[in-house]
$ cat coords20.txt   # compact mmCIF, C-alpha atoms
# COMPACT_ATOMS: atom_id res chain seq x y z
CA MET I 1 28.87 -4.46 1.37
CA ASN I 2 25.71 -2.80 2.47
CA GLN I 3 26.18 0.90 3.07
CA VAL I 4 22.54 1.56 3.73
CA SER I 5 21.17 0.43 7.04
CA GLN I 6 17.94 1.14 8.81
CA ALA I 7 18.29 3.66 11.60
CA GLN I 8 17.26 2.82 15.10
CA ALA I 9 13.56 3.46 15.48
CA SER I 10 12.95 6.40 17.74
CA GLU I 11 9.96 7.01 19.96
CA ALA I 12 6.92 8.52 18.28
CA THR I 13 5.53 11.68 19.83
CA ARG I 14 2.05 11.40 18.35
CA ASN I 15 -0.14 8.69 19.71
CA ALA I 16 -1.23 7.52 16.27
CA VAL I 17 -0.56 4.33 14.34
CA GLU I 18 2.43 4.68 12.06
CA TYR I 19 3.43 2.06 9.56
CA THR I 20 6.76 1.10 8.08
CA PRO I 21 6.52 1.28 4.30
CA PRO I 22 8.40 -1.37 2.28
CA PHE I 23 11.39 -0.05 0.32
CA ASP I 24 13.69 -1.25 -2.42
CA ILE I 25 17.18 0.23 -2.44
CA TRP I 26 19.40 0.16 -5.46
CA GLU I 27 22.84 1.56 -6.03
CA ASN I 28 25.20 2.15 -8.92
CA ALA I 29 28.39 4.15 -9.32
CA GLU I 30 26.46 7.42 -9.62
CA GLU I 31 23.64 7.26 -7.14
CA ILE I 32 21.57 5.41 -4.55
CA VAL I 33 17.89 5.04 -5.45
CA LEU I 34 15.16 4.28 -2.93
CA CYS I 35 11.64 3.23 -3.98
CA GLY I 36 8.94 2.89 -1.38
CA ASP I 37 5.23 2.09 -1.33
CA LEU I 38 3.23 4.77 0.44
CA PRO I 39 -0.32 4.26 -0.83
CA GLY I 40 -2.80 7.00 0.04
CA VAL I 41 -0.14 9.68 0.50
CA ALA I 42 -0.45 12.73 -1.74
CA THR I 43 2.73 14.55 -2.79
CA GLU I 44 1.96 17.56 -0.60
CA ARG I 45 1.64 15.40 2.51
CA LEU I 46 5.00 13.78 2.08
CA GLU I 47 8.19 14.90 3.75
CA VAL I 48 11.67 13.71 2.86
CA ARG I 49 14.57 15.00 4.95
CA PHE I 50 18.23 14.26 4.66
CA GLU I 51 20.33 15.39 7.54
CA ASP I 52 23.56 14.15 9.05
CA HIS I 53 23.55 10.88 7.05
CA GLU I 54 19.96 10.18 8.03
CA LEU I 55 17.21 10.01 5.46
CA LEU I 56 13.81 10.42 7.08
CA ILE I 57 10.59 9.77 5.16
CA THR I 58 7.20 10.63 6.61
CA GLY I 59 3.88 10.51 4.79
CA ARG I 60 0.46 11.52 6.05
CA VAL I 61 -2.44 9.53 4.69
CA GLU I 62 -5.45 11.50 3.58
CA ALA I 63 -8.67 10.63 5.36
CA ARG I 64 -10.87 8.39 3.23
CA GLU I 65 -14.60 8.18 3.52
CA ASP I 66 -15.85 4.74 4.46
CA LEU I 67 -19.29 3.23 4.82
CA PRO I 68 -20.70 2.67 8.31
CA ARG I 69 -20.41 -1.11 8.63
CA GLU I 70 -17.03 -2.78 8.36
CA LEU I 71 -17.19 -6.28 6.85
CA LEU I 72 -13.57 -7.17 6.28
CA LYS I 73 -10.38 -5.56 7.47
CA GLU I 74 -7.17 -6.99 6.11
CA TYR I 75 -4.93 -3.96 6.51
CA GLY I 76 -4.68 -0.90 8.67
CA VAL I 77 -4.56 2.64 7.38
CA GLY I 78 -2.21 5.12 8.99
CA ASP I 79 0.70 7.43 8.41
CA PHE I 80 4.04 6.17 7.18
CA ARG I 81 7.47 6.71 8.64
CA ARG I 82 10.83 5.24 7.86
CA SER I 83 14.42 6.30 8.22
CA PHE I 84 17.67 5.05 6.76
CA THR I 85 21.26 5.78 7.62
CA ILE I 86 23.25 6.49 4.49
CA GLY I 87 26.94 5.80 4.94
CA GLU I 88 27.95 7.14 1.56
CA ALA I 89 28.77 10.82 0.95
CA ILE I 90 25.79 12.35 -0.86
CA ASP I 91 25.59 15.47 -2.98
CA THR I 92 22.71 16.93 -0.97
CA GLU I 93 22.12 19.76 -3.44
CA ARG I 94 21.08 17.29 -6.12
CA ILE I 95 18.80 15.00 -4.11
CA SER I 96 15.49 14.56 -5.88
CA ALA I 97 12.26 12.84 -4.96
CA GLU I 98 9.19 11.95 -6.99
CA MET I 99 5.83 10.64 -5.88
CA LYS I 100 3.62 8.83 -8.39
CA HIS I 101 0.57 6.65 -7.77
CA GLY I 102 1.61 6.07 -4.17
CA VAL I 103 5.20 5.12 -5.01
CA LEU I 104 8.00 7.35 -3.75
CA THR I 105 11.31 7.37 -5.64
CA ILE I 106 14.29 9.17 -4.10
CA HIS I 107 17.55 9.73 -5.94
CA LEU I 108 20.62 10.32 -3.81
CA PRO I 109 23.48 11.30 -6.12
CA LYS I 110 26.89 10.40 -4.73
CA SER I 111 29.23 13.31 -4.27
CA SER I 112 32.01 13.27 -6.81
CA ALA I 113 34.64 12.66 -4.12
CA VAL I 114 33.40 9.12 -3.53
CA LYS I 115 32.58 8.18 -7.11
CA PRO I 116 35.03 5.60 -8.37
CA ARG I 117 37.28 7.37 -10.77
CA LYS I 118 38.72 5.66 -13.78
CA ILE I 119 42.28 6.65 -14.25
CA ASP I 120 43.45 6.67 -17.80
CA VAL I 121 46.79 5.03 -18.12
CA VAL I 122 48.82 6.52 -20.86
CA ALA I 123 51.59 4.51 -22.41
CA GLY I 124 54.91 6.15 -21.62
CA MET O 125 -7.88 -17.67 -3.93
CA ARG O 126 -11.29 -16.86 -2.63
CA ALA O 127 -11.85 -15.01 0.60
CA ARG O 128 -14.93 -16.08 2.53
CA TRP O 129 -16.96 -14.27 5.07
CA TYR O 130 -17.27 -15.83 8.46
CA PRO O 131 -20.91 -16.58 8.99
CA LEU O 132 -20.93 -15.16 12.48
CA ALA O 133 -20.52 -11.43 12.79
CA ASP O 134 -19.25 -11.83 16.35
CA LEU O 135 -16.54 -14.24 15.33
CA GLN O 136 -15.57 -11.84 12.59
CA SER O 137 -15.21 -8.90 14.91
CA GLU O 138 -13.33 -11.00 17.46
CA LEU O 139 -10.91 -12.09 14.74
CA GLY O 140 -10.67 -8.49 13.62
CA ARG O 141 -9.71 -7.42 17.13
CA MET O 142 -7.09 -10.13 17.34
CA ARG O 143 -5.75 -9.15 13.98
CA ASP O 144 -5.61 -5.49 14.97
CA GLU O 145 -3.58 -6.48 17.97
CA MET O 146 -1.25 -8.59 15.82
CA ASP O 147 -0.92 -5.71 13.38
CA ARG O 148 0.01 -3.40 16.18
CA LEU O 149 2.74 -5.80 17.25
CA PHE O 150 4.07 -7.00 13.92
CA GLY O 151 3.14 -4.50 11.26
CA ARG O 152 0.35 -3.96 8.84
CA TYR O 153 -0.11 -7.45 7.49
CA ALA O 154 0.23 -9.86 10.38
CA SER O 155 -1.74 -12.50 8.51
CA GLY O 156 0.51 -12.21 5.47
CA GLY O 157 3.98 -13.65 5.09
CA ARG O 158 6.96 -11.38 5.24
CA ARG O 159 6.86 -7.95 6.72
CA GLY O 160 5.41 -5.11 4.72
CA TRP O 161 3.65 -7.06 2.04
CA PRO O 162 1.10 -9.85 2.22
CA THR O 163 1.76 -13.25 0.68
CA VAL O 164 0.77 -13.72 -2.95
CA SER O 165 -2.31 -15.76 -2.10
CA VAL O 166 -3.96 -12.81 -0.33
CA PHE O 167 -2.79 -10.07 -2.63
CA PRO O 168 -4.12 -7.47 -2.71
CA ALA O 169 -5.26 -7.15 0.89
CA MET O 170 -8.77 -5.72 0.97
CA ASN O 171 -10.97 -3.75 3.30
CA VAL O 172 -14.73 -3.92 2.79
CA TRP O 173 -17.57 -1.81 4.16
CA GLU O 174 -21.29 -1.63 3.50
CA ASP O 175 -24.37 0.42 4.08
CA ASP O 176 -27.94 -0.39 3.06
CA GLN O 177 -27.34 0.72 -0.52
CA SER O 178 -23.87 -0.53 -1.45
CA PHE O 179 -20.55 -2.18 -0.71
CA LEU O 180 -17.22 -0.39 -0.75
CA VAL O 181 -14.11 -2.45 -1.47
CA GLU O 182 -10.69 -0.90 -1.02
CA ALA O 183 -7.24 -2.21 -1.91
CA GLU O 184 -3.81 -0.64 -1.88
CA LEU O 185 -2.04 -1.08 -5.20
CA PRO O 186 0.76 1.47 -5.27
CA GLY O 187 2.33 2.13 -8.66
CA LEU O 188 -0.70 0.95 -10.62
CA GLU O 189 -3.34 2.82 -12.57
CA LEU O 190 -6.93 1.95 -13.35
CA SER O 191 -5.91 0.93 -16.88
CA ASP O 192 -3.56 -1.72 -15.43
CA LEU O 193 -6.49 -3.45 -13.77
CA GLU O 194 -9.32 -5.71 -14.74
CA ILE O 195 -12.34 -5.57 -12.47
CA LEU O 196 -15.04 -8.20 -12.96
CA VAL O 197 -18.32 -9.03 -11.30
CA ASN O 198 -19.58 -12.58 -11.78
CA ALA O 199 -22.59 -14.56 -10.58
CA GLY O 200 -24.07 -11.54 -8.83
CA SER O 201 -21.68 -11.36 -5.90
CA LEU O 202 -18.19 -12.41 -6.99
CA LEU O 203 -15.80 -9.50 -7.39
CA THR O 204 -12.50 -10.19 -9.13
CA VAL O 205 -9.56 -7.79 -9.33
CA LYS O 206 -6.76 -8.76 -11.69
CA GLY O 207 -3.64 -6.97 -12.73
CA GLN O 208 0.07 -6.77 -13.00
CA ARG O 209 2.63 -4.76 -11.15
CA ARG O 210 5.69 -4.29 -13.31
CA GLU O 211 9.12 -4.08 -11.83
CA PRO O 212 11.10 -1.00 -12.79
CA GLU O 213 14.33 -1.77 -14.60
CA TRP O 214 17.53 -0.40 -13.23
CA GLN O 215 20.72 -0.88 -15.17
CA ASN O 216 24.28 -1.56 -14.03
CA GLY O 217 23.80 -1.50 -10.32
CA SER O 218 23.06 -3.70 -7.37
CA TRP O 219 20.21 -4.09 -4.88
CA HIS O 220 20.69 -3.49 -1.19
CA ARG O 221 17.12 -4.15 -0.17
CA ARG O 222 14.12 -5.69 -1.92
CA GLU O 223 11.00 -5.47 0.17
CA ARG O 224 8.40 -4.70 -2.50
CA SER O 225 6.71 -7.37 -4.61
CA PHE O 226 5.92 -7.44 -8.31
CA GLY O 227 4.17 -9.66 -10.79
CA THR O 228 0.64 -10.64 -11.76
CA PHE O 229 -2.14 -11.05 -9.26
CA ALA O 230 -5.82 -11.97 -9.19
CA ARG O 231 -8.15 -12.06 -6.28
CA THR O 232 -11.83 -12.97 -6.07
CA LEU O 233 -13.93 -11.84 -3.17
CA GLU O 234 -17.38 -13.17 -2.42
CA LEU O 235 -19.64 -10.35 -1.33
CA PRO O 236 -22.41 -11.29 1.13
CA ALA O 237 -25.19 -10.11 -1.23
CA PRO O 238 -25.67 -9.71 -4.99
CA VAL O 239 -24.72 -6.40 -6.59
CA ASP O 240 -25.84 -4.47 -9.66
CA PRO O 241 -22.96 -5.10 -12.11
CA ASP O 242 -24.04 -2.25 -14.41
CA HIS O 243 -23.46 0.46 -11.85
CA VAL O 244 -20.11 -0.49 -10.33
CA GLU O 245 -17.77 2.48 -9.99
CA ALA O 246 -14.05 2.37 -9.40
CA SER O 247 -11.61 5.13 -8.53
CA PHE O 248 -7.87 5.07 -8.12
CA LYS O 249 -6.03 7.76 -6.23
CA ASN O 250 -2.44 7.74 -4.96
CA GLY O 251 -2.29 3.97 -5.34
CA VAL O 252 -5.54 3.30 -3.46
CA LEU O 253 -8.24 1.48 -5.41
CA ARG O 254 -11.82 1.94 -4.27
CA ILE O 255 -14.72 0.07 -5.83
CA ARG O 256 -18.28 1.00 -5.01
CA LEU O 257 -20.81 -1.70 -5.82
CA PRO O 258 -24.51 -0.87 -5.44
CA LYS O 259 -26.51 -3.76 -4.01
CA ALA O 260 -29.00 -5.45 -6.30
CA GLU O 261 -32.58 -4.29 -5.65
CA GLN O 262 -33.59 -7.57 -3.99
CA ALA O 263 -30.64 -7.33 -1.58
CA LYS O 264 -31.54 -3.89 -0.25
CA PRO O 265 -33.39 -3.88 3.06
CA ARG O 266 -37.03 -2.92 2.73
CA ARG O 267 -38.93 -1.08 5.31
CA ILE O 268 -42.13 -2.93 6.20
CA GLU O 269 -45.00 -0.81 7.36
CA VAL O 270 -46.69 -2.45 10.31
CA ARG O 271 -50.23 -1.29 10.86
CA ALA O 272 -51.89 -1.56 14.18
CA ASN O 273 -55.03 -3.63 13.98
$ encode --input "coords20.txt" --output "structure tokens"
Amino acid sequence: MNQVSQAQASEATRNAVEYTPPFDIWENAEEIVLCGDLPGVATERLEVRFEDHELLITGRVEAREDLPRELLKEYGVGDFRRSFTIGEAIDTERISAEMKHGVLTIHLPKSSAVKPRKIDVVAG
Amino acid sequence: MRARWYPLADLQSELGRMRDEMDRLFGRYASGGRRGWPTVSVFPAMNVWEDDQSFLVEAELPGLELSDLEILVNAGSLLTVKGQRREPEWQNGSWHRRERSFGTFARTLELPAPVDPDHVEASFKNGVLRIRLPKAEQAKPRRIEVRAN
């Protein structure tokens, strides 16, 4: 059962190249954790929004100074954007995100209503 | 795996244009395997620039630090970047999506001219590795004074 699905890509308003960063998504009884690679994005240029079951991640890449002659180009550099639809009920107050060495980790704690509860059965 | 330069600059730029077009259509690493991350044989993907004085090699290695890497210069113009990207451990859960890659990697790039191995500088910021390699004295272009006779 996969409760996390990628949202339909919507039209970009800026005419700039935007890339889709790769993400790992992990889930346990307590939370959903998303880890994504956004190299070149500083913490202050990252935006994580969670609204109406949609998690939207955008990262602006800082301009890097190159040398005049390009010899080899194996990857493009541009801003990052990705969104996910989260089916699960999330405790939005406790969402946390951390950016370290170009890796973004987002913790989405499940709201207590949907956490599986263990019912103690007492012998009668 | 050793990346080679195409001898013809024109061919190179034509391939670059084609690749840019492929990237636009299919993502960042059209020449790699699955979406979002290049195949192991070309990891890490590299961009290289030069001016008269030096080369600049850039690679994206998110999650790593300079101390996780080994950077070597051999035989004047062979640059090797080696390292390991460790997978974080998560307990008692399940994966919904696994798009990122982990493990050890090594890549050797042949630069088109010899460099000065004693003055190579590397920086690592937000997962972007940049290595500046000054060209060896004999590889720098020299201005020839032409005197009218």
$ residues_near_point --input "coords20.txt" --point "(-1.7, 6.1, 1.9)" --cutoff "10 Å" --atoms "all atoms listed in the file" --output "list in words"
Pro21, Asp37, Leu38, Pro39, Gly40, Val41, Ala42, Arg45, Gly59, Arg60, Val61, Glu62, Ala63, Arg64, Val77, Gly78, Asp79, Phe80, His101, Gly102 and Val103 of chain I; Glu184, Pro186, Lys249, Asn250, Gly251 and Val252 of chain O
$ closest_atom_pairs --input "coords20.txt" --of "chain I" --to "chain O" --cutoff "7 Å" --atoms "all atoms listed in the file" --output "JSON lines"
{"residue": "I:Asn2", "atom": "CA", "partner": "O:His220", "partner_atom": "CA", "distance": 6.3}
{"residue": "I:Tyr19", "atom": "CA", "partner": "O:Gly151", "partner_atom": "CA", "distance": 6.8}
{"residue": "I:Pro21", "atom": "CA", "partner": "O:Gly160", "partner_atom": "CA", "distance": 6.5}
{"residue": "I:Pro22", "atom": "CA", "partner": "O:Glu223", "partner_atom": "CA", "distance": 5.3}
{"residue": "I:Phe23", "atom": "CA", "partner": "O:Glu223", "partner_atom": "CA", "distance": 5.4}
{"residue": "I:Asp24", "atom": "CA", "partner": "O:Arg222", "partner_atom": "CA", "distance": 4.5}
{"residue": "I:Ile25", "atom": "CA", "partner": "O:Arg221", "partner_atom": "CA", "distance": 4.9}
{"residue": "I:Trp26", "atom": "CA", "partner": "O:Trp219", "partner_atom": "CA", "distance": 4.4}
{"residue": "I:Glu27", "atom": "CA", "partner": "O:Gly217", "partner_atom": "CA", "distance": 5.4}
{"residue": "I:Asn28", "atom": "CA", "partner": "O:Gly217", "partner_atom": "CA", "distance": 4.2}
{"residue": "I:Asp37", "atom": "CA", "partner": "O:Pro186", "partner_atom": "CA", "distance": 6.0}
{"residue": "I:Pro39", "atom": "CA", "partner": "O:Gly251", "partner_atom": "CA", "distance": 4.9}
{"residue": "I:Gly40", "atom": "CA", "partner": "O:Asn250", "partner_atom": "CA", "distance": 5.1}
{"residue": "I:Val41", "atom": "CA", "partner": "O:Asn250", "partner_atom": "CA", "distance": 6.2}
{"residue": "I:Ala42", "atom": "CA", "partner": "O:Asn250", "partner_atom": "CA", "distance": 6.3}
{"residue": "I:Asp66", "atom": "CA", "partner": "O:Trp173", "partner_atom": "CA", "distance": 6.8}
{"residue": "I:Leu67", "atom": "CA", "partner": "O:Trp173", "partner_atom": "CA", "distance": 5.4}
{"residue": "I:Pro68", "atom": "CA", "partner": "O:Asp175", "partner_atom": "CA", "distance": 6.0}
{"residue": "I:Arg69", "atom": "CA", "partner": "O:Glu174", "partner_atom": "CA", "distance": 5.2}
{"residue": "I:Glu70", "atom": "CA", "partner": "O:Trp173", "partner_atom": "CA", "distance": 4.3}
{"residue": "I:Leu71", "atom": "CA", "partner": "O:Trp173", "partner_atom": "CA", "distance": 5.2}
{"residue": "I:Leu72", "atom": "CA", "partner": "O:Val172", "partner_atom": "CA", "distance": 4.9}
{"residue": "I:Lys73", "atom": "CA", "partner": "O:Asn171", "partner_atom": "CA", "distance": 4.6}
{"residue": "I:Glu74", "atom": "CA", "partner": "O:Met170", "partner_atom": "CA", "distance": 5.5}
{"residue": "I:Tyr75", "atom": "CA", "partner": "O:Arg152", "partner_atom": "CA", "distance": 5.8}
{"residue": "I:Gly76", "atom": "CA", "partner": "O:Arg152", "partner_atom": "CA", "distance": 5.9}
{"residue": "I:Lys100", "atom": "CA", "partner": "O:Gly187", "partner_atom": "CA", "distance": 6.8}
{"residue": "I:His101", "atom": "CA", "partner": "O:Asn250", "partner_atom": "CA", "distance": 4.3}
{"residue": "I:Gly102", "atom": "CA", "partner": "O:Asn250", "partner_atom": "CA", "distance": 4.5}
{"residue": "I:Val103", "atom": "CA", "partner": "O:Gly187", "partner_atom": "CA", "distance": 5.5}
$ closest_residue --input "coords20.txt" --among "I:Asp120, I:Glu18, I:Glu51, I:Glu31" --to "Glu88 in chain I" --atoms "all atoms listed in the file"
I:Glu31
$ closest_residue --input "coords20.txt" --among "I:Ala123, I:Glu44, I:Ala113, I:Phe50" --to "Ser96 in chain I" --atoms "all atoms listed in the file"
I:Phe50
$ atom_distance --input "coords20.txt" --atom1 "CA of Arg209 in chain O" --atom2 "CA of Leu55 in chain I"
26.6 Å
$ atom_distance --input "coords20.txt" --atom1 "CA of Leu233 in chain O" --atom2 "CA of Pro265 in chain O"
21.9 Å
$ residues_around --input "coords20.txt" --residues "Arg94 in chain I" --least-positions-apart "6" --cutoff "10 Å" --atoms "all atoms listed in the file" --output "list of chain:residue names"
I:His107, I:Leu108, I:Pro109, I:Lys110, I:Ser111
$ build_atoms --input "coords20.txt" --residues "range 212-223 of chain O" --atoms "all heavy atoms" --output "CSV table (one decimal), in the coordinates of the input"
chain,number,residue,atom,x,y,z
O,212,PRO,N,10.3,-1.9,-12.0
O,212,PRO,CA,11.1,-1.0,-12.8
O,212,PRO,C,12.5,-1.6,-13.1
O,212,PRO,O,13.0,-2.4,-12.3
O,212,PRO,CB,11.2,0.2,-11.9
O,212,PRO,CG,10.9,-0.3,-10.5
O,212,PRO,CD,10.1,-1.5,-10.7
O,213,GLU,N,13.0,-1.2,-14.2
O,213,GLU,CA,14.3,-1.8,-14.6
O,213,GLU,C,15.4,-0.8,-14.3
O,213,GLU,O,15.4,0.4,-14.7
O,213,GLU,CB,14.3,-2.1,-16.1
O,213,GLU,CG,13.7,-3.4,-16.4
O,213,GLU,CD,13.7,-3.8,-17.8
O,213,GLU,OE1,14.6,-3.4,-18.5
O,213,GLU,OE2,12.7,-4.4,-18.3
O,214,TRP,N,16.4,-1.2,-13.6
O,214,TRP,CA,17.5,-0.4,-13.2
O,214,TRP,C,18.8,-1.1,-13.8
O,214,TRP,O,18.9,-2.3,-13.6
O,214,TRP,CB,17.7,-0.2,-11.7
O,214,TRP,CG,16.5,0.4,-11.1
O,214,TRP,CD1,15.5,-0.3,-10.5
O,214,TRP,CD2,16.1,1.8,-11.0
O,214,TRP,NE1,14.5,0.6,-10.0
O,214,TRP,CE2,14.9,1.9,-10.3
O,214,TRP,CE3,16.8,2.9,-11.4
O,214,TRP,CZ2,14.3,3.1,-10.1
O,214,TRP,CZ3,16.2,4.1,-11.2
O,214,TRP,CH2,15.0,4.2,-10.5
O,215,GLN,N,19.6,-0.3,-14.5
O,215,GLN,CA,20.7,-0.9,-15.2
O,215,GLN,C,22.0,-0.7,-14.4
O,215,GLN,O,22.2,0.3,-13.7
O,215,GLN,CB,20.9,-0.2,-16.6
O,215,GLN,CG,19.7,-0.3,-17.4
O,215,GLN,CD,19.4,-1.7,-18.0
O,215,GLN,OE1,20.4,-2.4,-18.3
O,215,GLN,NE2,18.2,-2.1,-18.2
O,216,ASN,N,22.9,-1.7,-14.5
O,216,ASN,CA,24.3,-1.6,-14.0
O,216,ASN,C,24.4,-1.2,-12.6
O,216,ASN,O,25.1,-0.2,-12.2
O,216,ASN,CB,25.1,-0.6,-14.9
O,216,ASN,CG,25.0,-0.9,-16.4
O,216,ASN,OD1,25.1,-2.1,-16.7
O,216,ASN,ND2,24.9,0.1,-17.2
O,217,GLY,N,23.7,-1.8,-11.7
O,217,GLY,CA,23.8,-1.5,-10.3
O,217,GLY,C,23.5,-2.7,-9.5
O,217,GLY,O,23.4,-3.8,-10.0
O,218,SER,N,23.4,-2.5,-8.2
O,218,SER,CA,23.1,-3.7,-7.4
O,218,SER,C,22.0,-3.3,-6.3
O,218,SER,O,21.9,-2.2,-6.0
O,218,SER,CB,24.3,-4.2,-6.7
O,218,SER,OG,24.9,-3.2,-5.9
O,219,TRP,N,21.3,-4.3,-5.9
O,219,TRP,CA,20.2,-4.1,-4.9
O,219,TRP,C,20.8,-4.3,-3.5
O,219,TRP,O,21.5,-5.2,-3.2
O,219,TRP,CB,19.1,-5.1,-5.1
O,219,TRP,CG,18.3,-4.9,-6.4
O,219,TRP,CD1,18.5,-5.6,-7.5
O,219,TRP,CD2,17.3,-4.0,-6.6
O,219,TRP,NE1,17.6,-5.1,-8.5
O,219,TRP,CE2,16.9,-4.1,-7.9
O,219,TRP,CE3,16.7,-3.0,-5.8
O,219,TRP,CZ2,15.9,-3.3,-8.5
O,219,TRP,CZ3,15.7,-2.2,-6.4
O,219,TRP,CH2,15.3,-2.4,-7.7
O,220,HIS,N,20.3,-3.4,-2.6
O,220,HIS,CA,20.7,-3.5,-1.2
O,220,HIS,C,19.5,-4.1,-0.4
O,220,HIS,O,19.7,-4.7,0.6
O,220,HIS,CB,21.1,-2.1,-0.6
O,220,HIS,CG,22.4,-1.6,-1.1
O,220,HIS,ND1,23.5,-2.4,-1.0
O,220,HIS,CD2,22.7,-0.5,-1.7
O,220,HIS,CE1,24.5,-1.7,-1.5
O,220,HIS,NE2,24.0,-0.5,-1.9
O,221,ARG,N,18.3,-3.8,-0.9
O,221,ARG,CA,17.1,-4.2,-0.2
O,221,ARG,C,16.0,-4.4,-1.2
O,221,ARG,O,15.9,-3.6,-2.1
O,221,ARG,CB,16.7,-3.0,0.7
O,221,ARG,CG,16.4,-3.2,2.1
O,221,ARG,CD,16.2,-1.9,2.8
O,221,ARG,NE,17.2,-1.7,3.8
O,221,ARG,CZ,17.0,-2.2,5.0
O,221,ARG,NH1,16.0,-2.8,5.4
O,221,ARG,NH2,18.0,-2.0,5.9
O,222,ARG,N,15.3,-5.5,-1.0
O,222,ARG,CA,14.1,-5.7,-1.9
O,222,ARG,C,12.9,-6.1,-1.1
O,222,ARG,O,12.8,-7.3,-0.7
O,222,ARG,CB,14.5,-6.8,-3.0
O,222,ARG,CG,15.8,-6.5,-3.7
O,222,ARG,CD,15.8,-7.1,-5.0
O,222,ARG,NE,14.9,-6.5,-5.9
O,222,ARG,CZ,14.9,-6.8,-7.2
O,222,ARG,NH1,15.6,-7.8,-7.7
O,222,ARG,NH2,14.1,-6.2,-8.0
O,223,GLU,N,12.1,-5.2,-0.7
O,223,GLU,CA,11.0,-5.5,0.2
O,223,GLU,C,9.7,-5.4,-0.6
O,223,GLU,O,8.7,-5.9,0.0
O,223,GLU,CB,11.0,-4.4,1.3
O,223,GLU,CG,12.2,-4.5,2.2
O,223,GLU,CD,12.3,-3.4,3.2
O,223,GLU,OE1,11.5,-2.4,3.1
O,223,GLU,OE2,13.2,-3.4,4.0
